[in-house]
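For reference, the structure discussed in these notes is given below.
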Amino acid sequence: MTNTTVAPITIYTDGSSRGNPGPGGYGIVMLYGKWEKHFSEGYRHTTNNRMELLAVIKAIQALKKRDIPIVLYTDSQYVVNAIEKGWLYKWIKTNFAGGKKNSDLWREYYQISRELNIQFKWVKGHADNVYNNLCDKLATEAADGKQLLIDYGYEKEDPLR
């Protein structure tokens with residue numbers, strides 16, 4: 001009998017915002033077998049929670065194969081709890097009633113993740129996890145960068161920015 005279990009893709013993500021709100025960024029580390037990829041982007045004005053969630057979205061969008069299980073590590077309880085405790089499904093069902101924040105990103109996550117097998121795992125931030133610390137470094141360096149992008153979803157929420 002052969003083992004048909006496929007090894008999961010391991011993803012680490014982190015988000016950062018200087019000032020919260022302020023300049024922000026995300027960092028991602030993706031691991032599969034001997035393959036390792038790092039990437040990040042910085043934004044001129046955003047929040048930490050948006051960058052935490054955007055990191056997850058960007059990691060999923062970067063996947064070439066969609067049929068491999070994913071184990072995703074994040075230090076964001078906001079992200080893990082919204083998904084693992086079912087808050088996101090309630091928010092979607094009620095059309096984000098009550099002014100739930102980041103509905104643009106949550107809707108995007110929901111659309112791109114529905115057919116994926118993702119297991120979320122919370123990891124303590126700024127601790128001894130090498131990959132989480134690397135993601136934090138990537139995110140903060142991106143937030144401190146010179147070529148910052150516009151977080152249109154965030155800046156649209158408050159046109160006075």
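Following the order of the structure tokens, first chain is A, next is B, and so on, with residues numbered from 1 inside each chain and ligands from 1 in the order they appear.
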Spatial neighbours of A:Tyr110, max dist 10 Å, only C-alpha atoms, sep filter under 5 positions, as a list in words
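Within the cut-off, the hits are Ile57, Ile83, Leu88, Tyr89, Ile92, Leu105 and Glu115 of chain A.
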Dump of C-alpha atoms for the selected residues, as a short mmCIF file (atom, residue, chain, number, x, y, z; two decimals), in the first residue's frame:
```cif
data_model
loop_
_atom_site.label_atom_id
_atom_site.label_comp_id
_atom_site.auth_asym_id
_atom_site.auth_seq_id
_atom_site.Cartn_x
_atom_site.Cartn_y
_atom_site.Cartn_z
CA ILE A 57 -4.29 36.86 1.14
CA ILE A 83 -11.49 32.06 10.77
CA LEU A 88 -15.95 35.47 9.38
CA TYR A 89 -18.91 33.37 8.28
CA ILE A 92 -20.44 37.54 5.72
CA LEU A 105 -10.05 42.16 2.75
CA GLU A 115 -11.84 25.69 -2.02
#
```
Mind checking DSSP for stretch 16-135 of chain A and telling me the strand (DSSP E or B) residues as a ChimeraX atom specification?
/A:16-17,22-32,35-46,70-74,118-122
Written file, previous selection with C-alpha atoms, as a PDB file, in the first residue's frame:
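Contents of result09.pdb, freshly written:
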```pdb
ATOM      1  CA  SER A  16       3.235  45.537  10.759  1.00  0.00           C
ATOM      2  CA  SER A  17       2.107  49.126  11.050  1.00  0.00           C
ATOM      3  CA  GLY A  22       0.661  54.543   9.768  1.00  0.00           C
ATOM      4  CA  PRO A  23       3.091  53.114   7.259  1.00  0.00           C
ATOM      5  CA  GLY A  24       2.734  49.348   7.210  1.00  0.00           C
ATOM      6  CA  GLY A  25       3.898  46.191   5.573  1.00  0.00           C
ATOM      7  CA  TYR A  26       3.611  42.456   5.504  1.00  0.00           C
ATOM      8  CA  GLY A  27       6.100  39.620   5.322  1.00  0.00           C
ATOM      9  CA  ILE A  28       5.620  36.063   4.096  1.00  0.00           C
ATOM     10  CA  VAL A  29       7.744  32.925   4.218  1.00  0.00           C
ATOM     11  CA  MET A  30       6.545  29.924   2.203  1.00  0.00           C
ATOM     12  CA  LEU A  31       8.090  26.479   2.619  1.00  0.00           C
ATOM     13  CA  TYR A  32       7.558  23.294   0.631  1.00  0.00           C
ATOM     14  CA  TRP A  35      11.778  25.203  -1.590  1.00  0.00           C
ATOM     15  CA  GLU A  36      11.682  28.446   0.414  1.00  0.00           C
ATOM     16  CA  LYS A  37      10.367  31.804  -0.741  1.00  0.00           C
ATOM     17  CA  HIS A  38      10.208  35.172   1.053  1.00  0.00           C
ATOM     18  CA  PHE A  39       8.309  38.243  -0.003  1.00  0.00           C
ATOM     19  CA  SER A  40       6.915  41.486   1.379  1.00  0.00           C
ATOM     20  CA  GLU A  41       5.354  44.818   0.442  1.00  0.00           C
ATOM     21  CA  GLY A  42       4.976  48.148   2.211  1.00  0.00           C
ATOM     22  CA  TYR A  43       2.041  50.554   2.270  1.00  0.00           C
ATOM     23  CA  ARG A  44       2.021  54.273   3.026  1.00  0.00           C
ATOM     24  CA  HIS A  45      -0.985  54.307   5.406  1.00  0.00           C
ATOM     25  CA  THR A  46      -2.719  51.269   6.885  1.00  0.00           C
ATOM     26  CA  ILE A  70      -1.725  24.423   3.682  1.00  0.00           C
ATOM     27  CA  VAL A  71      -0.597  24.988   7.251  1.00  0.00           C
ATOM     28  CA  LEU A  72      -0.508  28.721   7.877  1.00  0.00           C
ATOM     29  CA  TYR A  73       1.197  30.199  10.934  1.00  0.00           C
ATOM     30  CA  THR A  74       0.432  33.725  12.075  1.00  0.00           C
ATOM     31  CA  ILE A 118      -6.026  25.649   5.115  1.00  0.00           C
ATOM     32  CA  GLN A 119      -5.229  24.925   8.730  1.00  0.00           C
ATOM     33  CA  PHE A 120      -4.412  28.044  10.759  1.00  0.00           C
ATOM     34  CA  LYS A 121      -2.010  27.906  13.683  1.00  0.00           C
ATOM     35  CA  TRP A 122      -1.325  30.751  16.047  1.00  0.00           C
TER      36      TRP A 122
END
```
Stretch 33-147 of chain A: residues DSSP assigns to helix (DSSP H, G or I), reported as a PyMOL selection string
chain A and resi 48-61+77-84+87-93+103-113+130-143
Quick one: pull the distance between atom CA of A:Gln111 and atom CA of A:Asn48, Å, one decimal.
21.8 Å
Excluding same-chain residues fewer than 4 positions from A:Asp104, what lies within 12 Å of it counting only C-alpha atoms, as a PyMOL selection string?
chain A and resi 50+53-54+57+91-92+95-96+99-100+108-111+151-157
Work out how far apart atom CA of A:Leu134 and atom CA of A:Ala55 are and give it in Å to one decimal.
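Between atom CA of A:Leu134 and atom CA of A:Ala55 the gap works out to 13.4 Å.
Among the candidates A:Asn49, A:Ser76, A:Asn20, A:Asn133, the residue lying nearest to A:Trp106 is A:Asn49 (atoms considered: only C-alpha atoms).
Of the residues under consideration (A:Asn132, A:Arg66, A:Pro21, A:Arg114), A:Pro21 shows the shortest atom-to-atom contact distance to A:Thr47 when counting only C-alpha atoms.
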Best match for closeness to A:Leu138 among A:Val6, A:Asp14, A:Asp67, A:Ala82, counting only C-alpha atoms:
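Checking each candidate against A:Leu138, we get A:Asp14 as the closest.
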Using only C-alpha atoms, can you tell me which of A:Ile68, A:Ile60, A:Val79, A:Leu148 comes closest to A:Ala7?
A:Ile68
Using only C-alpha atoms, pick whichever of A:Leu149, A:Ile9, A:Ala97, A:Val80 has the shortest atom-to-atom distance to A:Lys34.
A:Ile9
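Residue nearest A:Val123, chosen from A:Gln77, A:Lys85, A:Glu141, A:Thr94 and counting only C-alpha atoms: A:Gln77.
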State, in Å with one decimal place, the distance from atom CA of A:Leu116 to atom CA of A:Pro69.
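Pair atom CA of A:Leu116 / atom CA of A:Pro69 returns 7.3 Å.
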